[in-house]
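Engineer: What follows is work02.txt; its format and atoms are compact mmCIF, C-alpha atoms.
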```
# COMPACT_ATOMS: atom_id res chain seq x y z
CA MET A 1 0.00 0.00 0.00
CA LYS A 2 1.49 3.29 -1.07
CA GLY A 3 2.47 5.56 1.80
CA VAL A 4 2.46 2.80 4.44
CA ARG A 5 5.90 2.05 5.85
CA SER A 6 7.13 -1.55 5.88
CA VAL A 7 8.15 -3.03 9.22
CA ILE A 8 10.18 -6.25 9.42
CA LYS A 9 9.87 -8.23 12.65
CA LYS A 10 9.44 -11.79 13.88
CA ILE A 11 6.17 -13.18 12.60
CA LEU A 12 3.48 -13.30 15.24
CA GLU A 13 2.18 -16.79 16.00
CA LYS A 14 -1.32 -15.76 14.89
CA ASP A 15 0.11 -14.82 11.46
CA LEU A 16 1.96 -18.09 10.83
CA GLY A 17 -0.97 -19.50 8.87
CA ARG A 18 -1.00 -16.36 6.72
CA TYR A 19 2.73 -16.87 6.02
CA VAL A 20 2.04 -20.47 4.97
CA ASP A 21 -0.58 -19.20 2.50
CA ILE A 22 1.97 -16.74 1.07
CA VAL A 23 4.56 -19.53 0.71
CA ALA A 24 1.99 -21.83 -0.93
CA ASN A 25 1.29 -19.23 -3.64
CA ALA A 26 4.92 -18.15 -4.06
CA TYR A 27 6.13 -21.74 -4.49
CA PRO A 28 3.36 -23.76 -6.18
CA GLY A 29 5.91 -26.53 -6.76
CA PHE A 30 5.83 -27.24 -3.01
CA LYS A 31 2.23 -28.41 -3.54
CA ILE A 32 0.87 -26.91 -0.32
CA VAL A 33 -2.73 -27.30 -1.45
CA THR A 34 -5.02 -28.93 1.10
CA PRO A 35 -5.75 -27.82 4.67
CA ASP A 36 -3.68 -30.82 5.80
CA ASP A 37 -0.74 -29.64 3.67
CA ARG A 38 -0.99 -26.21 5.25
CA ALA A 39 -1.22 -27.64 8.77
CA LYS A 40 1.91 -29.75 8.18
CA MET A 41 3.83 -26.76 6.83
CA LYS A 42 2.78 -24.63 9.79
CA GLN A 43 3.89 -27.36 12.20
CA ARG A 44 7.21 -27.68 10.37
CA LEU A 45 7.86 -23.97 10.82
CA THR A 46 6.88 -24.19 14.49
CA ASP A 47 9.26 -27.12 14.98
CA LEU A 48 12.08 -25.31 13.18
CA CYS A 49 11.79 -22.35 15.51
CA THR A 50 12.47 -24.54 18.55
CA ASP A 51 16.08 -24.17 17.38
CA PRO A 52 17.22 -20.83 18.86
CA THR A 53 19.38 -20.17 15.77
CA ILE A 54 16.32 -20.24 13.46
CA ASN A 55 13.72 -17.48 13.23
CA VAL A 56 10.82 -16.53 10.96
CA TYR A 57 10.57 -12.85 10.05
CA GLY A 58 7.78 -11.07 8.23
CA VAL A 59 7.22 -7.83 6.33
CA TYR A 60 4.24 -5.97 7.73
CA ARG A 61 2.43 -3.08 6.08
CA GLY A 62 0.22 -1.74 8.80
CA ARG A 63 -1.24 -4.90 10.36
CA GLU A 64 -1.01 -6.88 7.13
CA LEU A 65 1.68 -9.52 6.64
CA ILE A 66 2.79 -9.33 2.99
CA GLY A 67 5.90 -11.53 3.03
CA GLY A 68 8.28 -13.53 5.13
CA MET A 69 11.57 -15.43 5.39
CA CYS A 70 13.43 -17.89 7.62
CA THR A 71 16.85 -16.97 8.96
CA TYR A 72 19.44 -19.50 10.12
CA GLY A 73 22.60 -19.23 12.18
CA PHE A 74 24.99 -21.76 10.65
CA THR A 75 28.43 -22.86 11.79
CA MET A 76 30.89 -23.20 8.89
CA ASN A 77 34.37 -24.68 8.79
CA LEU A 78 36.63 -21.92 7.43
CA PHE A 79 40.11 -23.43 7.06
CA SER A 80 39.54 -25.49 10.25
CA VAL A 81 38.11 -22.52 12.18
CA PRO A 82 34.37 -22.67 13.05
CA ILE A 83 32.67 -19.38 12.16
CA LEU A 84 29.13 -18.01 12.22
CA VAL A 85 27.44 -17.76 8.83
CA GLY A 86 23.97 -16.28 8.43
CA GLY A 87 21.55 -18.11 6.18
CA VAL A 88 18.16 -17.21 4.75
CA GLY A 89 15.48 -19.23 3.00
CA LEU A 90 11.78 -19.54 2.23
CA VAL A 91 11.72 -15.91 1.11
CA ALA A 92 8.18 -15.34 -0.09
CA VAL A 93 6.06 -12.31 -1.00
CA ASP A 94 2.28 -12.11 -1.39
CA LEU A 95 1.41 -12.23 -5.10
CA LEU A 96 -0.54 -8.98 -4.71
CA HIS A 97 2.57 -7.20 -3.40
CA LYS A 98 5.22 -8.34 -5.87
CA LYS A 99 7.64 -5.70 -7.20
CA GLU A 100 7.07 -3.46 -4.17
CA ARG A 101 10.62 -3.95 -2.80
CA ALA A 102 9.45 -6.34 -0.06
CA CYS A 103 12.02 -8.98 -1.05
CA ARG A 104 14.86 -6.47 -1.29
CA ASP A 105 13.88 -5.04 2.11
CA MET A 106 13.93 -8.51 3.69
CA ILE A 107 17.33 -9.42 2.28
CA SER A 108 18.78 -6.07 3.37
CA PHE A 109 17.35 -6.67 6.86
CA PHE A 110 18.84 -10.18 6.91
CA ILE A 111 22.32 -8.93 5.94
CA GLU A 112 22.24 -6.23 8.61
CA LEU A 113 20.93 -8.71 11.19
CA TYR A 114 23.99 -10.92 10.79
CA ARG A 115 26.36 -7.98 10.46
CA LYS A 116 25.27 -7.02 13.97
CA LYS A 117 25.95 -10.61 15.09
CA ASP A 118 29.52 -10.29 13.73
CA ALA A 119 28.94 -13.07 11.20
CA ALA A 120 31.80 -13.43 8.74
CA LEU A 121 29.55 -14.39 5.83
CA VAL A 122 25.94 -14.78 4.78
CA ALA A 123 24.65 -17.42 2.39
CA LEU A 124 21.50 -18.25 0.45
CA TYR A 125 20.18 -20.22 -2.50
CA PRO A 126 20.04 -17.68 -5.36
CA PHE A 127 16.89 -18.72 -7.21
CA ARG A 128 17.44 -15.47 -9.13
CA PRO A 129 21.26 -15.27 -9.47
CA ASP A 130 21.09 -11.93 -11.30
CA PHE A 131 18.99 -10.31 -8.55
CA TYR A 132 21.19 -11.55 -5.73
CA ARG A 133 24.39 -10.68 -7.56
CA MET A 134 23.16 -7.09 -7.82
CA MET A 135 22.78 -7.20 -4.03
CA GLY A 136 26.43 -8.19 -3.64
CA PHE A 137 26.27 -11.98 -3.45
CA GLY A 138 28.79 -14.07 -5.33
CA TYR A 139 28.77 -17.53 -6.87
CA GLY A 140 29.87 -20.75 -5.23
CA ILE A 141 31.77 -23.67 -6.72
CA LYS A 142 29.99 -25.38 -9.61
CA SER A 143 27.99 -28.48 -8.79
CA ASN A 144 28.33 -31.31 -11.29
CA LEU A 145 25.69 -33.97 -11.92
CA TYR A 146 27.11 -37.32 -12.99
CA LYS A 147 25.02 -40.23 -14.24
CA ILE A 148 27.04 -43.42 -13.86
CA ARG A 149 26.08 -47.02 -14.54
CA PRO A 150 26.51 -49.03 -11.32
CA GLY A 151 28.80 -51.48 -13.10
CA ASP A 152 31.20 -48.66 -13.97
CA LEU A 153 31.76 -47.81 -10.31
CA PRO A 154 34.81 -49.51 -8.75
CA ARG A 155 34.07 -52.76 -6.93
CA GLY A 156 36.30 -53.35 -3.94
CA ASP A 157 37.15 -56.52 -2.08
CA SER A 158 34.41 -56.20 0.52
CA LYS A 159 31.23 -54.52 1.73
CA ARG A 160 31.12 -56.44 5.01
CA HIS A 161 30.96 -53.25 7.12
CA ILE A 162 27.92 -51.91 5.25
CA ARG A 163 24.43 -52.07 6.78
CA PHE A 164 21.29 -49.98 6.86
CA LEU A 165 20.96 -47.09 9.30
CA LYS A 166 18.88 -47.83 12.41
CA ALA A 167 17.12 -45.54 14.90
CA ALA A 168 19.63 -46.53 17.58
CA ASP A 169 22.46 -45.11 15.41
CA ARG A 170 21.46 -41.48 15.84
CA GLN A 171 24.28 -40.41 18.18
CA SER A 172 26.99 -42.29 16.28
CA PHE A 173 25.63 -40.91 13.00
CA ILE A 174 25.75 -37.32 14.30
CA GLN A 175 29.32 -37.86 15.55
CA CYS A 176 30.37 -39.13 12.11
CA ALA A 177 28.78 -36.11 10.39
CA HIS A 178 30.49 -33.79 12.87
CA ARG A 179 33.94 -35.30 12.25
CA PHE A 180 33.38 -34.87 8.51
CA PHE A 181 32.44 -31.22 9.11
CA LEU A 182 35.62 -30.66 11.13
CA ASP A 183 37.79 -32.17 8.37
CA HIS A 184 36.40 -30.24 5.39
CA HIS A 185 36.84 -26.54 4.65
CA GLY A 186 33.57 -24.95 3.58
CA MET A 187 31.30 -27.51 5.25
CA PHE A 188 28.31 -26.40 7.33
CA GLU A 189 27.64 -28.24 10.58
CA MET A 190 24.44 -30.25 10.32
CA LYS A 191 21.41 -28.98 12.24
CA LYS A 192 18.89 -31.16 14.04
CA HIS A 193 16.18 -30.64 11.41
CA GLU A 194 18.68 -31.79 8.77
CA VAL A 195 19.47 -34.96 10.73
CA ASP A 196 15.82 -35.94 11.28
CA PRO A 197 14.97 -36.92 7.64
CA PHE A 198 17.67 -39.61 7.69
CA PHE A 199 15.56 -41.35 10.33
CA THR A 200 12.00 -40.25 9.53
CA ASN A 201 11.65 -39.81 5.75
CA PRO A 202 10.28 -43.10 4.34
CA GLU A 203 11.58 -42.23 0.87
CA VAL A 204 15.21 -41.96 2.01
CA ARG A 205 17.46 -45.00 2.35
CA THR A 206 20.77 -44.72 4.19
CA VAL A 207 23.51 -47.30 4.50
CA VAL A 208 26.38 -46.83 6.93
CA TYR A 209 29.90 -48.15 7.27
CA GLU A 210 30.37 -49.37 10.83
CA ASP A 211 33.58 -50.68 12.36
CA ALA A 212 34.11 -51.38 16.07
CA ARG A 213 30.66 -49.92 16.81
CA LYS A 214 31.62 -46.63 15.19
CA ILE A 215 30.00 -45.18 12.07
CA LYS A 216 32.75 -43.94 9.75
CA GLY A 217 30.72 -43.09 6.69
CA TYR A 218 27.27 -43.20 5.15
CA LEU A 219 25.48 -43.10 1.82
CA SER A 220 21.97 -41.67 1.65
CA PHE A 221 19.85 -42.09 -1.48
CA ILE A 222 16.39 -42.31 -3.00
CA PHE A 223 15.04 -44.38 -5.87
CA LYS A 224 13.52 -42.77 -8.95
CA ARG A 225 11.75 -44.62 -11.74
CA THR A 226 13.33 -43.82 -15.11
CA ASP A 227 10.41 -45.09 -17.19
CA GLU A 228 6.80 -44.74 -16.03
CA ASN A 229 5.90 -47.78 -18.12
CA ASN A 230 8.57 -50.00 -16.60
CA LEU A 231 8.47 -50.48 -12.82
CA LEU A 232 11.74 -52.45 -12.95
CA ARG A 233 13.78 -49.58 -14.43
CA ASN A 234 15.01 -47.26 -11.67
CA ASP A 235 17.86 -44.88 -10.83
CA ILE A 236 19.53 -44.27 -7.51
CA ILE A 237 19.89 -40.58 -6.65
CA VAL A 238 22.67 -40.07 -4.10
CA ARG A 239 21.81 -37.30 -1.62
CA HIS A 240 24.78 -37.61 0.73
CA CYS A 241 28.06 -39.51 0.54
CA VAL A 242 30.30 -39.12 3.59
CA TYR A 243 33.43 -41.15 4.23
CA GLU A 244 36.43 -40.83 6.54
CA ASN A 245 38.95 -42.64 4.32
CA GLU A 246 39.34 -44.54 1.05
CA VAL A 247 38.49 -47.89 2.69
CA VAL A 248 35.06 -46.56 3.71
CA LEU A 249 34.50 -45.07 0.25
CA SER A 250 35.48 -48.35 -1.38
CA GLU A 251 32.83 -50.31 0.52
CA LEU A 252 30.14 -47.68 -0.15
CA LEU A 253 30.93 -47.77 -3.87
CA THR A 254 30.98 -51.56 -3.82
CA PHE A 255 27.46 -51.45 -2.39
CA LEU A 256 26.38 -49.26 -5.33
CA HIS A 257 28.23 -51.42 -7.85
CA THR A 258 26.34 -54.52 -6.70
CA GLN A 259 22.99 -52.89 -7.56
CA LEU A 260 23.79 -53.17 -11.29
CA ASP A 261 21.16 -55.88 -11.94
CA GLN A 262 18.26 -53.58 -10.94
CA ILE A 263 19.54 -50.00 -11.21
CA HIS A 264 19.97 -48.17 -14.52
CA GLN A 265 22.16 -45.27 -13.35
CA VAL A 266 23.51 -43.78 -10.13
CA LEU A 267 23.20 -39.99 -10.04
CA PHE A 268 25.84 -38.06 -8.09
CA SER A 269 25.66 -34.31 -7.51
CA THR A 270 29.14 -33.25 -6.45
CA GLN A 271 31.53 -30.30 -6.33
CA ASP A 272 34.51 -32.66 -6.59
CA GLU A 273 36.32 -31.57 -9.75
CA PHE A 274 38.11 -34.93 -9.99
CA PHE A 275 35.09 -37.24 -9.68
CA HIS A 276 35.39 -38.30 -13.33
CA PHE A 277 38.53 -40.28 -12.50
CA LEU A 278 36.53 -42.58 -10.20
CA PRO A 279 34.28 -44.59 -12.58
CA ARG A 280 35.57 -46.85 -15.30
CA ASP A 281 33.46 -44.95 -17.83
CA PRO A 282 32.44 -41.40 -16.76
CA LYS A 283 30.11 -40.75 -19.74
CA ASP A 284 26.52 -39.92 -18.77
CA GLY A 285 24.87 -42.29 -21.25
CA SER A 286 23.76 -39.57 -23.67
CA ASP A 287 26.65 -40.24 -26.10
CA SER A 288 26.70 -36.47 -26.73
CA ILE A 289 29.85 -34.90 -28.12
CA ILE A 290 30.72 -31.36 -26.99
CA PRO A 291 32.41 -29.26 -29.72
CA LEU A 292 35.03 -29.55 -30.87
CA LEU A 293 35.56 -33.14 -29.76
CA ALA A 294 34.87 -34.08 -26.14
CA HIS A 295 32.66 -36.67 -24.45
CA GLN A 296 29.85 -35.40 -22.24
CA THR A 297 30.31 -36.65 -18.70
CA ASN A 298 28.38 -34.21 -16.52
```
Could you render the structure from this file as structure tokens?

Structural biologist:
Amino acid sequence: MKGVRSVIKKILEKDLGRYVDIVANAYPGFKIVTPDDRAKMKQRLTDLCTDPTINVYGVYRGRELIGGMCTYGFTMNLFSVPILVGGVGLVAVDLLHKKERACRDMISFFIELYRKKDAALVALYPFRPDFYRMMGFGYGIKSNLYKIRPGDLPRGDSKRHIRFLKAADRQSFIQCAHRFFLDHHGMFEMKKHEVDPFFTNPEVRTVVYEDARKIKGYLSFIFKRTDENNLLRNDIIVRHCVYENEVVLSELLTFLHTQLDQIHQVLFSTQDEFFHFLPRDPKDGSDSIIPLLAHQTN
């Protein structure tokens, strides 16, 4: 509304349902359609905010909520030093108030919020890279998607330490993820709400490498049918691959290799620039040639 000043503050509990409606319209791909969908999303936001490092802020014009966002206080490994990094997500604006600077105001508020907290960096997913670059954000390392036939992954001598993740593994699993965070520059420490899906999401499968009652690596994945007319033709999409050494990686890859009779391709999304040296054949199955003369791998 012209002439009414915008105020950004934590969303009042009574307005959380309104924020869910805004998110549902801003992101139709989330498929928040039914009252049950909305109730689940509202509960998810309520649960997230039990973490003191996570907050939901809204843009108010008068008494009307016209947009909102979630802010996160992350811990990042910066050359072996843990630092605070501010994060933001679920930025959504009412469809009736688009192009009224609500989004820009929220992002500016977010940056200033973490500047006051002495955060070294802020981070977000740039669904509009051009918009966020104009606001001063940069680009991260490229992520590469590889599509590898299971039989082209190296098969080691054993997979005897591999088993499926169990509910009782939670503490050992968190400790493994934390050690991986401590050993890798640029990693974010995993939050509770990021751990939960490993144990609660029925679509996610996770196998772990366990030795002497200690988890030293894990592979989390989902299945995806590659042909709607063929229920036996599926891919494995790897969501997380964590390993403490090459022995652990070897057994995890051996597990994937041995799925070759039922799995068409294994999809890896990775920032590892040397991943193409791992499989026997790194081509993605398209047989495409990139000019002037190079095989398409990713």

Engineer: What's the 12 Å shell around Phe268 in chain A, counting only C-alpha atoms, without same-chain residues fewer than 4 positions away, as a ChimeraX atom specification?

Structural biologist: /A:143-150,153,219-222,235-241,253,256,272,275-276,278-279,282,284,297-298

Engineer: Here is a test: counting all atoms listed in the file, which residue of A:Val195, A:Leu16, A:Leu165, A:Ala26 is nearest to Ala39 in chain A?

Structural biologist: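 Between A:Val195, A:Leu16, A:Leu165, A:Ala26, the residue approaching Ala39 in chain A most closely is A:Leu16.
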
Engineer: Distance CA of Val204 in chain A-CA of His264 in chain A, one decimal place?

Structural biologist: 18.3 Å

Engineer: Would you mind reading off the distance between CA of Glu203 in chain A and CA of Arg163 in chain A, one decimal, in Å?

Structural biologist: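 Between these atoms lies a distance of 17.2 Å.
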
Engineer: Find the residues near Leu12 in chain A: any atom within 12 Å, counting all atoms listed in the file, skip ones fewer than 5 places away on the same chain, and give them as a count of residues only.

Structural biologist: 14

Engineer: Residues within 8 Å of range 116-131 of chain A, please, as a PyMOL selection string. Count all atoms listed in the file; anything in the same chain fewer than 6 positions from it doesn't count.

Structural biologist: chain A and resi 83-89

Engineer: Which one is closest to Glu244 in chain A: A:His185, A:Lys192, A:His178, A:Arg115? Count only C-alpha atoms.

Structural biologist: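 Of the candidates, the smallest distance to Glu244 in chain A is held by A:His178.
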
Engineer: When you look at Ile215 in chain A with a cut-off of 6 Å (counting all atoms listed in the file), what residues show up, excluding the ones that are within fewer than 3 positions of it in the same chain? I need them as an MDAnalysis selection string.

Structural biologist: chainID A and resid 172 209:210

Engineer: Would you mind exporting the chosen residues as a PDB file, in the frame of the given file, restricted to C-alpha atoms?

Structural biologist:
```pdb
ATOM      1  CA  SER A 172      26.990 -42.290  16.280  1.00  0.00           C
ATOM      2  CA  TYR A 209      29.900 -48.150   7.270  1.00  0.00           C
ATOM      3  CA  GLU A 210      30.370 -49.370  10.830  1.00  0.00           C
TER       4      GLU A 210
END
```

Engineer: Might you pull out every residue within 12 Å of Val247 in chain A, with only C-alpha atoms counted and same-chain residues fewer than 6 positions away left off, and present them as a list in words?

Structural biologist: Arg155, Gly156, Asp157, Ser158, Lys159, Arg160, His161, Ile162, Tyr209, Glu210, Asp211, Lys216, Gly217, Leu253 and Thr254 of chain A

Engineer: For CA of Gln262 in chain A and CA of Arg233 in chain A, quote the distance in Å rounded to one decimal.

Structural biologist: 6.9 Å

Engineer: Which centre and edge lengths in Å to one decimal define the box along x, y and z that fits every listed atom of range 200-212 of chain A plus 3 Å per side, as AutoDock Vina command-line options?

Structural biologist:
```
--center_x 22.2 --center_y -45.6 --center_z 8.5 --size_x 29.8 --size_y 17.6 --size_z 21.2
```
